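Have a look at work.cif below; it lists mmCIF, C-alpha atoms.
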data_model
loop_
_atom_site.label_atom_id
_atom_site.label_comp_id
_atom_site.auth_asym_id
_atom_site.auth_seq_id
_atom_site.Cartn_x
_atom_site.Cartn_y
_atom_site.Cartn_z
CA MET A 1 75.67 -28.08 -83.14
CA ASN A 2 76.13 -27.70 -79.38
CA HIS A 3 78.28 -24.75 -80.10
CA SER A 4 75.47 -23.15 -82.12
CA LEU A 5 72.93 -23.71 -79.32
CA ARG A 6 75.25 -22.11 -76.78
CA ALA A 7 75.74 -19.20 -79.09
CA LEU A 8 71.97 -18.80 -79.49
CA ARG A 9 71.43 -18.86 -75.72
CA THR A 10 74.20 -16.29 -75.24
CA ALA A 11 72.73 -14.03 -77.86
CA THR A 12 69.25 -14.34 -76.42
CA SER A 13 70.33 -13.68 -72.85
CA ALA A 14 72.45 -10.86 -73.97
CA ALA A 15 69.70 -9.26 -76.01
CA PRO A 16 66.20 -10.14 -74.81
CA TRP A 17 64.54 -7.79 -77.21
CA ARG A 18 66.01 -9.70 -80.14
CA GLY A 19 64.35 -13.02 -78.92
CA GLY A 20 60.96 -11.30 -78.78
CA ALA A 21 61.35 -10.16 -82.33
CA VAL A 22 62.07 -13.71 -83.45
CA LEU A 23 58.91 -15.00 -81.74
CA LYS A 24 56.86 -12.29 -83.39
CA MET A 25 58.26 -13.27 -86.76
CA LEU A 26 57.41 -16.96 -86.15
CA PHE A 27 53.84 -16.14 -85.03
CA GLY A 28 53.28 -14.00 -88.09
CA LEU A 29 54.53 -16.79 -90.33
CA VAL A 30 52.15 -19.34 -88.75
CA LEU A 31 49.21 -16.93 -89.00
CA ALA A 32 49.88 -16.23 -92.66
CA THR A 33 50.13 -19.95 -93.40
CA GLY A 34 46.77 -20.63 -91.64
CA LEU A 35 45.01 -17.85 -93.53
CA ALA A 36 46.34 -19.17 -96.81
CA ALA A 37 45.08 -22.65 -95.96
CA CYS A 38 41.62 -21.29 -95.09
CA SER A 39 41.42 -19.34 -98.29
CA GLU A 40 42.36 -22.48 -100.25
CA ALA A 41 39.63 -24.54 -98.40
CA GLU A 42 36.95 -22.05 -99.34
CA ALA A 43 37.13 -23.01 -102.99
CA PRO A 44 34.99 -26.21 -102.68
CA LEU A 45 32.15 -24.13 -101.25
CA GLU A 46 31.23 -23.25 -104.81
CA LYS A 47 30.64 -26.95 -105.52
CA GLN A 48 28.49 -27.37 -102.44
CA LYS A 49 25.89 -25.03 -103.92
CA VAL A 50 24.73 -27.91 -106.14
CA HIS A 51 22.15 -29.41 -103.77
CA PRO A 52 21.38 -33.14 -103.82
CA VAL A 53 17.67 -33.91 -104.37
CA LYS A 54 15.63 -37.08 -104.14
CA LEU A 55 13.84 -37.79 -107.42
CA LEU A 56 10.78 -39.81 -108.45
CA SER A 57 10.54 -41.15 -112.01
CA LEU A 58 7.14 -41.16 -113.68
CA SER A 59 6.53 -44.41 -115.54
CA ASP A 60 3.79 -45.70 -117.81
CA GLU A 61 2.83 -48.16 -115.07
CA GLY A 62 2.59 -45.37 -112.55
CA GLY A 63 0.14 -43.51 -114.74
CA GLY A 64 -2.78 -45.66 -113.61
CA VAL A 65 -4.66 -44.29 -110.64
CA ILE A 66 -5.19 -47.39 -108.53
CA GLN A 67 -7.71 -47.11 -105.69
CA ARG A 68 -7.82 -49.77 -102.98
CA TYR A 69 -10.85 -50.88 -100.98
CA PRO A 70 -11.36 -53.55 -98.30
CA GLY A 71 -13.71 -56.30 -99.41
CA VAL A 72 -15.28 -59.58 -98.32
CA VAL A 73 -15.36 -62.86 -100.25
CA GLU A 74 -18.66 -64.56 -101.05
CA ALA A 75 -19.58 -67.44 -103.32
CA SER A 76 -20.99 -66.39 -106.69
CA GLU A 77 -23.63 -69.12 -106.58
CA ARG A 78 -24.96 -69.27 -103.04
CA SER A 79 -28.28 -70.67 -101.78
CA ASN A 80 -29.88 -70.68 -98.35
CA LEU A 81 -31.68 -74.03 -98.38
CA SER A 82 -34.92 -74.20 -96.39
CA PHE A 83 -38.21 -76.11 -96.15
CA ARG A 84 -41.44 -74.71 -97.51
CA ILE A 85 -43.27 -75.95 -94.42
CA GLY A 86 -42.40 -76.12 -90.73
CA GLY A 87 -41.89 -79.18 -88.60
CA GLU A 88 -39.46 -81.25 -86.59
CA LEU A 89 -36.13 -82.26 -88.14
CA ARG A 90 -35.82 -86.02 -88.21
CA GLU A 91 -32.74 -86.32 -90.43
CA LEU A 92 -29.86 -83.93 -91.03
CA LYS A 93 -27.59 -85.54 -93.57
CA VAL A 94 -24.91 -82.88 -94.11
CA GLN A 95 -22.31 -80.87 -92.25
CA ALA A 96 -20.20 -77.82 -93.08
CA GLY A 97 -17.53 -78.47 -95.71
CA GLN A 98 -19.26 -81.53 -97.16
CA GLU A 99 -19.52 -81.86 -100.93
CA VAL A 100 -22.93 -82.82 -102.33
CA GLU A 101 -24.35 -83.61 -105.73
CA LYS A 102 -27.59 -82.48 -107.28
CA GLY A 103 -30.49 -84.42 -105.78
CA ASP A 104 -28.67 -85.52 -102.61
CA LEU A 105 -30.81 -85.46 -99.46
CA ILE A 106 -29.92 -82.55 -97.19
CA ALA A 107 -32.54 -82.98 -94.42
CA ARG A 108 -35.97 -84.51 -93.72
CA LEU A 109 -38.87 -83.38 -91.54
CA ASP A 110 -41.23 -85.56 -89.54
CA ASP A 111 -43.67 -86.59 -92.28
CA ARG A 112 -46.38 -88.40 -90.29
CA ASP A 113 -48.94 -85.59 -90.58
CA ALA A 114 -48.20 -85.16 -94.27
CA ARG A 115 -48.67 -88.89 -94.93
CA SER A 116 -51.96 -88.91 -93.03
CA GLU A 117 -53.26 -86.01 -95.10
CA LEU A 118 -52.11 -87.79 -98.25
CA ASN A 119 -54.02 -90.95 -97.32
CA ASN A 120 -57.21 -88.97 -96.67
CA ALA A 121 -56.81 -87.10 -99.94
CA ARG A 122 -56.23 -90.35 -101.81
CA SER A 123 -59.43 -91.88 -100.40
CA SER A 124 -61.48 -88.83 -101.31
CA PHE A 125 -59.96 -88.82 -104.78
CA ASN A 126 -60.72 -92.51 -105.38
CA LEU A 127 -64.36 -92.06 -104.28
CA ALA A 128 -64.85 -88.96 -106.41
CA GLN A 129 -63.23 -90.65 -109.39
CA ALA A 130 -65.56 -93.68 -109.14
CA THR A 131 -68.63 -91.45 -108.76
CA TYR A 132 -67.59 -89.38 -111.76
CA LYS A 133 -67.24 -92.48 -113.95
CA ARG A 134 -70.72 -93.74 -112.97
CA MET A 135 -72.27 -90.34 -113.54
CA LYS A 136 -70.63 -90.07 -116.91
CA TYR A 137 -72.05 -93.41 -118.00
CA SER A 138 -75.48 -92.53 -116.64
CA VAL A 139 -75.67 -89.13 -118.36
CA GLU A 140 -74.75 -90.77 -121.64
CA LYS A 141 -77.72 -93.14 -121.17
CA GLY A 142 -79.99 -90.30 -120.09
CA ALA A 143 -80.56 -91.79 -116.65
CA ILE A 144 -79.54 -88.58 -114.80
CA SER A 145 -79.70 -84.91 -115.49
CA ARG A 146 -76.81 -82.95 -116.87
CA ALA A 147 -76.72 -80.83 -113.69
CA ARG A 148 -76.14 -83.89 -111.53
CA PHE A 149 -73.27 -84.96 -113.76
CA ASP A 150 -71.70 -81.50 -113.55
CA GLU A 151 -71.73 -81.71 -109.74
CA ALA A 152 -70.01 -85.09 -109.81
CA GLN A 153 -67.41 -83.80 -112.24
CA ALA A 154 -66.65 -80.77 -110.00
CA GLU A 155 -66.29 -82.98 -106.94
CA PHE A 156 -63.88 -85.21 -108.83
CA GLN A 157 -61.71 -82.29 -109.98
CA SER A 158 -61.63 -80.86 -106.42
CA ALA A 159 -60.60 -84.22 -104.96
CA GLN A 160 -57.93 -84.55 -107.64
CA ALA A 161 -56.45 -81.12 -106.73
CA GLN A 162 -56.47 -81.94 -103.00
CA TYR A 163 -54.76 -85.25 -103.69
CA SER A 164 -52.04 -83.52 -105.75
CA GLN A 165 -51.58 -80.90 -103.01
CA ALA A 166 -51.20 -83.64 -100.37
CA GLN A 167 -48.50 -85.25 -102.50
CA ASP A 168 -46.68 -81.93 -102.69
CA GLN A 169 -46.94 -81.44 -98.95
CA LEU A 170 -45.27 -84.81 -98.41
CA SER A 171 -42.48 -83.92 -100.86
CA TYR A 172 -41.93 -80.66 -98.96
CA THR A 173 -40.73 -82.67 -95.96
CA TYR A 174 -37.62 -83.60 -97.98
CA LEU A 175 -34.88 -81.04 -98.69
CA LYS A 176 -32.52 -81.90 -101.56
CA ALA A 177 -29.51 -80.20 -103.15
CA PRO A 178 -30.54 -78.14 -106.23
CA TYR A 179 -27.03 -78.40 -107.77
CA ASP A 180 -23.54 -79.75 -107.13
CA GLY A 181 -21.70 -77.78 -104.48
CA VAL A 182 -20.22 -77.53 -101.02
CA ILE A 183 -22.13 -77.04 -97.77
CA ALA A 184 -20.79 -73.82 -96.29
CA ARG A 185 -22.82 -73.69 -93.08
CA VAL A 186 -25.45 -75.68 -91.16
CA PRO A 187 -27.08 -73.38 -88.57
CA VAL A 188 -29.57 -75.92 -87.14
CA ASP A 189 -29.45 -79.19 -85.18
CA ASN A 190 -31.25 -82.46 -85.72
CA TYR A 191 -34.64 -82.94 -83.96
CA GLN A 192 -35.03 -79.18 -83.82
CA VAL A 193 -38.43 -77.69 -84.68
CA VAL A 194 -37.92 -75.32 -87.59
CA ALA A 195 -40.21 -72.80 -89.22
CA ALA A 196 -41.03 -72.48 -92.88
CA GLN A 197 -38.27 -70.67 -94.85
CA GLU A 198 -35.78 -71.04 -91.98
CA THR A 199 -32.27 -71.71 -93.30
CA ILE A 200 -31.25 -75.34 -92.84
CA ALA A 201 -27.98 -75.27 -94.81
CA VAL A 202 -26.02 -72.84 -96.97
CA LEU A 203 -24.91 -74.34 -100.29
CA GLN A 204 -22.18 -72.80 -102.43
CA GLN A 205 -21.17 -73.70 -105.95
CA PRO A 206 -17.36 -73.81 -106.37
CA GLY A 207 -15.45 -72.39 -109.32
CA GLN A 208 -16.48 -68.73 -109.10
CA ILE A 209 -16.33 -66.26 -106.23
CA ASP A 210 -17.56 -62.72 -105.63
CA VAL A 211 -15.84 -59.92 -103.73
CA ILE A 212 -18.09 -57.25 -102.24
CA PHE A 213 -16.87 -53.78 -101.21
CA ASN A 214 -18.25 -50.26 -100.63
CA MET A 215 -17.40 -47.32 -102.89
CA PRO A 216 -17.87 -43.69 -101.81
CA GLU A 217 -20.54 -41.62 -103.52
CA ARG A 218 -18.19 -39.13 -105.20
CA GLN A 219 -16.20 -41.93 -106.82
CA VAL A 220 -19.35 -43.67 -108.05
CA ARG A 221 -20.43 -40.43 -109.74
CA ALA A 222 -17.10 -40.20 -111.59
CA ILE A 223 -17.32 -43.69 -113.14
CA ASP A 224 -18.09 -43.83 -116.83
CA ARG A 225 -21.15 -46.08 -117.21
CA GLU A 226 -20.17 -47.43 -120.63
CA ARG A 227 -16.71 -48.42 -119.44
CA ALA A 228 -18.08 -50.09 -116.34
CA GLU A 229 -20.59 -52.04 -118.43
CA ALA A 230 -17.86 -53.06 -120.88
CA GLY A 231 -15.91 -54.41 -117.93
CA ARG A 232 -18.52 -57.17 -117.61
CA HIS A 233 -17.58 -58.73 -120.94
CA GLU A 234 -14.14 -57.51 -122.00
CA ASP A 235 -10.80 -58.74 -120.73
CA ALA A 236 -9.57 -55.21 -120.02
CA ALA A 237 -7.66 -54.99 -116.77
CA LEU A 238 -9.81 -52.66 -114.69
CA ALA A 239 -9.97 -54.44 -111.34
CA TRP A 240 -7.83 -56.83 -109.34
CA VAL A 241 -8.20 -58.62 -106.02
CA ARG A 242 -5.54 -59.48 -103.47
CA PHE A 243 -6.06 -61.98 -100.66
CA GLY A 244 -4.27 -61.54 -97.33
CA SER A 245 -0.71 -60.23 -97.46
CA GLY A 246 0.27 -62.14 -100.60
CA GLU A 247 1.86 -60.34 -103.52
CA SER A 248 -0.27 -62.10 -106.15
CA ARG A 249 -3.29 -60.28 -107.48
CA TYR A 250 -6.10 -61.77 -109.56
CA PRO A 251 -8.04 -59.98 -112.32
CA ALA A 252 -11.75 -59.54 -111.64
CA ARG A 253 -14.79 -58.32 -113.55
CA TYR A 254 -17.58 -55.97 -112.55
CA LYS A 255 -20.77 -57.89 -111.76
CA GLU A 256 -23.32 -55.56 -110.15
CA HIS A 257 -23.84 -52.69 -107.73
CA ASP A 258 -26.56 -51.40 -105.44
CA THR A 259 -28.53 -48.40 -106.62
CA SER A 260 -29.20 -47.16 -103.08
CA ALA A 261 -26.66 -46.07 -100.52
CA SER A 262 -25.77 -48.33 -97.64
CA GLU A 263 -27.59 -47.51 -94.42
CA GLY A 264 -25.72 -44.93 -92.35
CA SER A 265 -23.14 -44.07 -95.03
CA LEU A 266 -22.83 -42.36 -98.41
CA SER A 267 -21.36 -45.44 -100.07
CA TYR A 268 -22.64 -48.04 -102.49
CA GLU A 269 -22.08 -51.78 -102.45
CA VAL A 270 -20.23 -53.05 -105.52
CA THR A 271 -19.69 -56.70 -106.46
CA LEU A 272 -16.80 -58.08 -108.52
CA THR A 273 -16.56 -61.67 -109.73
CA LEU A 274 -13.54 -63.81 -110.59
CA PRO A 275 -12.58 -67.48 -110.95
CA GLU A 276 -11.67 -69.17 -107.69
CA PRO A 277 -7.85 -69.14 -107.34
CA GLN A 278 -6.23 -72.55 -107.58
CA ASP A 279 -2.97 -71.71 -105.82
CA ILE A 280 -4.53 -70.57 -102.52
CA THR A 281 -7.55 -71.48 -100.43
CA VAL A 282 -10.24 -68.80 -100.50
CA LEU A 283 -13.39 -69.31 -98.45
CA SER A 284 -16.54 -67.29 -98.07
CA GLY A 285 -16.18 -64.57 -95.43
CA MET A 286 -12.44 -64.05 -95.93
CA SER A 287 -11.07 -60.54 -96.31
CA ALA A 288 -9.73 -59.21 -99.60
CA THR A 289 -8.32 -56.01 -101.06
CA VAL A 290 -9.89 -54.64 -104.23
CA GLU A 291 -7.77 -52.56 -106.62
CA LEU A 292 -9.56 -50.46 -109.24
CA ASP A 293 -7.97 -48.56 -112.12
CA MET A 294 -10.01 -45.38 -111.66
CA GLN A 295 -8.22 -43.72 -114.56
CA GLN A 296 -9.74 -46.28 -116.94
CA LEU A 297 -13.14 -46.36 -115.23
CA THR A 298 -13.51 -42.58 -115.32
CA ALA A 299 -12.43 -42.32 -118.99
CA ALA A 300 -9.46 -40.16 -118.01
CA THR A 301 -6.98 -42.22 -119.99
CA GLN A 302 -3.96 -39.89 -120.03
CA GLY A 303 -2.16 -37.32 -118.01
CA GLN A 304 -2.89 -38.50 -114.49
CA TRP A 305 -0.13 -39.42 -112.06
CA ARG A 306 0.07 -40.34 -108.41
CA VAL A 307 2.92 -38.61 -106.56
CA PRO A 308 3.87 -38.20 -102.90
CA VAL A 309 2.20 -35.34 -101.06
CA GLU A 310 5.53 -33.59 -100.46
CA ALA A 311 6.22 -33.37 -104.21
CA VAL A 312 3.36 -30.89 -104.75
CA VAL A 313 4.04 -27.38 -103.46
CA THR A 314 3.11 -23.76 -104.13
CA GLN A 315 5.27 -20.72 -104.89
CA GLU A 316 5.14 -17.38 -103.12
CA ALA A 317 4.37 -15.58 -106.37
CA SER A 318 1.35 -17.85 -107.09
CA PRO A 319 0.10 -19.33 -103.82
CA ASP A 320 -3.08 -20.67 -105.48
CA GLN A 321 -1.26 -22.65 -108.18
CA ALA A 322 0.16 -26.05 -107.28
CA VAL A 323 3.44 -27.01 -108.95
CA VAL A 324 5.93 -29.84 -109.05
CA TRP A 325 9.64 -29.41 -109.67
CA ARG A 326 10.92 -31.35 -112.68
CA TYR A 327 14.59 -32.25 -112.93
CA VAL A 328 16.25 -31.04 -116.15
CA PRO A 329 19.65 -32.69 -116.74
CA LYS A 330 22.49 -30.86 -118.42
CA ALA A 331 22.96 -31.52 -122.12
CA GLY A 332 26.06 -33.60 -121.44
CA ASP A 333 24.30 -35.59 -118.71
CA ALA A 334 21.16 -36.39 -120.69
CA GLN A 335 22.49 -39.69 -122.02
CA SER A 336 23.81 -40.76 -118.64
CA SER A 337 20.50 -39.78 -117.08
CA GLU A 338 18.68 -42.08 -119.51
CA SER A 339 20.95 -44.98 -118.64
CA VAL A 340 20.42 -44.32 -114.95
CA ASN A 341 16.65 -44.58 -115.41
CA ASN A 342 17.18 -48.11 -116.73
CA VAL A 343 19.24 -49.14 -113.72
CA GLY A 344 17.42 -51.52 -111.44
CA SER A 345 15.49 -53.33 -114.15
CA ASP A 346 15.23 -57.11 -113.96
CA ASP A 347 17.86 -57.63 -116.63
CA GLY A 348 20.33 -55.19 -115.07
CA LYS A 349 23.58 -56.57 -113.67
CA ASP A 350 25.42 -55.50 -110.53
CA ALA A 351 28.11 -53.89 -112.63
CA GLY A 352 25.50 -51.89 -114.50
CA LYS A 353 23.95 -50.74 -111.24
CA SER A 354 27.34 -49.65 -109.95
CA ASP A 355 28.04 -47.70 -113.13
CA GLY A 356 24.60 -46.16 -112.95
CA LYS A 357 25.16 -44.98 -109.39
CA GLN A 358 28.49 -43.44 -110.35
CA GLN A 359 26.90 -41.63 -113.28
CA GLU A 360 24.02 -40.49 -111.09
CA ALA A 361 26.41 -39.19 -108.43
CA THR A 362 28.28 -37.06 -110.99
CA ALA A 363 25.22 -35.95 -112.99
CA GLN A 364 23.99 -32.41 -112.52
CA GLY A 365 21.10 -30.36 -113.77
CA THR A 366 18.52 -27.78 -112.82
CA VAL A 367 14.85 -27.78 -111.84
CA GLU A 368 11.83 -26.18 -113.44
CA ALA A 369 8.34 -25.62 -112.05
CA VAL A 370 5.47 -27.44 -113.80
CA PRO A 371 1.93 -26.25 -112.92
CA VAL A 372 -0.37 -29.14 -112.00
CA THR A 373 -3.95 -29.68 -110.89
CA VAL A 374 -4.67 -31.89 -107.90
CA LEU A 375 -7.56 -34.20 -108.78
CA GLN A 376 -7.88 -36.15 -105.56
CA ALA A 377 -6.02 -37.30 -102.48
CA THR A 378 -5.52 -40.99 -101.76
CA GLY A 379 -3.88 -42.94 -99.00
CA GLU A 380 -0.75 -43.21 -101.15
CA GLY A 381 -0.38 -39.60 -102.28
CA LEU A 382 -2.00 -37.07 -104.61
CA VAL A 383 -3.42 -37.69 -108.07
CA ILE A 384 -2.32 -34.83 -110.32
CA THR A 385 -2.56 -33.85 -113.96
CA GLY A 386 -0.38 -31.46 -115.92
CA GLU A 387 2.18 -31.24 -118.70
CA LEU A 388 4.07 -34.29 -117.55
CA SER A 389 5.05 -37.48 -119.35
CA ALA A 390 6.53 -40.87 -118.59
CA GLY A 391 10.24 -40.57 -117.84
CA ASP A 392 10.01 -37.18 -116.13
CA ARG A 393 11.74 -37.04 -112.75
CA LEU A 394 10.22 -34.95 -109.97
CA VAL A 395 11.75 -33.64 -106.77
CA THR A 396 10.11 -35.36 -103.80
CA ALA A 397 12.24 -34.19 -100.87
CA GLY A 398 12.85 -30.47 -100.27
CA ALA A 399 10.56 -29.35 -103.09
CA SER A 400 9.32 -26.42 -101.01
CA ARG A 401 12.84 -24.90 -101.03
CA MET A 402 13.45 -25.16 -104.78
CA GLU A 403 13.79 -22.17 -107.12
CA ALA A 404 13.64 -22.08 -110.89
CA GLY A 405 17.00 -22.83 -112.49
CA GLU A 406 18.56 -23.94 -109.22
CA PRO A 407 21.51 -26.33 -109.84
CA VAL A 408 20.92 -29.75 -108.29
CA ARG A 409 22.20 -33.28 -108.55
CA PRO A 410 20.29 -36.54 -108.00
CA TRP A 411 20.73 -37.98 -104.52
CA VAL A 412 22.08 -41.52 -104.54
CA LYS A 413 21.61 -43.86 -101.62
CA GLU A 414 25.00 -45.15 -100.53
CA ALA A 415 25.59 -48.80 -99.87
CA GLY A 416 24.74 -49.87 -96.33
CA LEU A 417 22.17 -47.10 -95.76
#

Write the structure described by the file as structure tokens, please.
Amino acid sequence: MNHSLRALRTATSAAPWRGGAVLKMLFGLVLATGLAACSEAEAPLEKQKVHPVKLLSLSDEGGGVIQRYPGVVEASERSNLSFRIGGELRELKVQAGQEVEKGDLIARLDDRDARSELNNARSSFNLAQATYKRMKYSVEKGAISRARFDEAQAEFQSAQAQYSQAQDQLSYTYLKAPYDGVIARVPVDNYQVVAAQETIAVLQQPGQIDVIFNMPERQVRAIDRERAEAGRHEDAALAWVRFGSGESRYPARYKEHDTSASEGSLSYEVTLTLPEPQDITVLSGMSATVELDMQQLTAATQGQWRVPVEAVVTQEASPDQAVVWRYVPKAGDAQSSESVNNVGSDDGKDAGKSDGKQQEATAQGTVEAVPVTVLQATGEGLVITGELSAGDRLVTAGASRMEAGEPVRPWVKEAGL
């Protein structure tokens, strides 16, 4: 080997031009190899033309157009208890949160004046009654004229009415519970002078609650009156109420609405009613979220879907026509696409999910434009209608760059992302 190296050095030193030729040959060989490698790496570029797209599946559940409104809880049966007359509070028997039964004493006014008037009325009544009896006996005997008897009878009836009124005035100094319930609020203090009709206590009847919210004018106009009225009596799921950040929602029924707009806004106050939840504590004044199925209330029972805003686009050829891009799987991928749609259900297993992701990653198809009409915009997207059905999958990311017949594949979120 050493002998060969010495021979190579001798040949190179003896003929420099031959060494340059060898280097040129080696450089050409490396360049040719690199170009061949590049040409072989270009082949996968054809596969990269199948763009991954994020898809949204339309489901039967997603067909309902659910509108959400902030609301306030109030008791269905609520009474502001007050006296018919004014006076000084001498007894205040209740406090907020206290349970009372029908007939329980809530408060009592100073009744000295009322008792004095009652005593005077009783005396006048007794005198008039005695006079009337004497006059009646006398007129029967013919001792007095009929006119004198009529005067005595009128005086007796007047005294009787004043006596009854004095009794009522005394009873008005006592305030009692009209039904079983819970005291929600007591805005006055004992020994305070109160006016007639001034609220002494707020009484609520447990078991049923109301939720009040405001609905914009344009949505009120769209409601079908017969369906709203049927919601009072039927068990159809048209409205639900959520309390706080909990996931549970409770079915509610339409109760009433205002026929005049709220002051300073083009909205109308609507009241829903529902049984008081037993699993959570709900008090008057708490906040709530009302969910209405506007699709049912407006009699638009089919063909409406809520989709993200980015899923609805326009094409250059028809800038006035909104479209969505529907994913069309290849014939061979149709079955796998159906199985992928079932992945993620409650009865699906981890192995099934893994197989579904693998099928989704290898599935391919194209997209087609479906003309749609935008009905309204909500805080969660756009409500559209068109030739769509449950199970259709729409492109939600990159829809503005799609073209008819463009090959795509569903994008699958990798583990850990």

Residues selected by the PyMOL selection byres ((chain A and resi 406) around 9), written as JSON, numbers by chain: {"A": [50, 51, 365, 366, 367, 368, 402, 403, 404, 405, 407, 408]}

Tell me, in Å to one decimal, how far CA of Tyr174 in chain A is from CA of Glu77 in chain A.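 For CA of Tyr174 in chain A relative to CA of Glu77 in chain A, the distance reads 21.9 Å.
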
Neighbours of range 242-247 of chain A within 12 Å (all atoms listed in the file; same-chain residues fewer than 2 positions away dropped), as a PyMOL selection string? chain A and resi 68-73+211+239-240+249-252+274+276-277+279-283+285-292

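Going from CA of Thr298 in chain A to CA of Arg393 in chain A covers 26.0 Å.
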
For a test of reading the model, state the distance in Å between CA of Asp258 in chain A and CA of Arg227 in chain A, rounded to one decimal.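 A separation of 17.4 Å between them.
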
Pro178 in chain A surroundings by all atoms listed in the file, 12 Å radius, close-in-sequence under 5 positions cut, as an MDAnalysis selection string: chainID A and resid 77:82 100:106 183 202:205

Identify all residues satisfying the PyMOL selection byres ((chain A and resi 381) around 8) in the given file; provide them as a VMD selection string. chain A and resid 306 to 309 377 to 380 382 to 383

Take the PyMOL selection byres ((chain A and resi 151-162) around 8), apply it to the structure above, and return the hits as a ChimeraX atom specification. /A:121,124-125,128-129,131-132,135,147-150,163-166

Could you name the residues that touch Val188 in chain A at 8 Å or less, counting only C-alpha atoms, but leaving out those on the same chain fewer than 2 positions away, as a PDB file with C-alpha atoms, in the coordinates of the input?
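Contents of the output file part.pdb:
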ATOM      1  CA  VAL A 186     -25.450 -75.680 -91.160  1.00  0.00           C
ATOM      2  CA  ASN A 190     -31.250 -82.460 -85.720  1.00  0.00           C
ATOM      3  CA  GLN A 192     -35.030 -79.180 -83.820  1.00  0.00           C
ATOM      4  CA  THR A 199     -32.270 -71.710 -93.300  1.00  0.00           C
ATOM      5  CA  ILE A 200     -31.250 -75.340 -92.840  1.00  0.00           C
ATOM      6  CA  ALA A 201     -27.980 -75.270 -94.810  1.00  0.00           C
TER       7      ALA A 201
END

With all atoms listed in the file as the atoms that count, which of A:Asn119, A:Gln208, A:Asn126, A:Ser400 lies nearest to Pro275 in chain A?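 Closest candidate: A:Gln208.
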
Shortest interatomic distance to Leu56 in chain A - which of A:Thr396, A:Gln169, A:Gln197, A:Gln376, counting all atoms listed in the file: A:Thr396

So, with all atoms listed in the file as the atoms that count, which of A:Glu310, A:Gln67, A:Gly398, A:Gly181 lies closest to Gln219 in chain A?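 Smallest distance to Gln219 in chain A is found for A:Gln67.
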
Closest of A:Gln95, A:Gln304, A:Gln315, A:Ser260 to Ser389 in chain A - atom-to-atom distances counting all atoms listed in the file: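 Residue with the minimum atom-to-atom distance to Ser389 in chain A: A:Gln304.
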
Top pick for closest residue to Val220 in chain A, considering A:Glu91, A:Asp168, A:Glu269, A:Asp113 and counting all atoms listed in the file: A:Glu269

When distances are computed from all atoms listed in the file, which of A:Leu89, A:Leu375, A:Ala317, A:Val312 shows the smallest separation from Ala195 in chain A?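 Looking at the shortest contact to Ala195 in chain A, the residue is A:Leu89.
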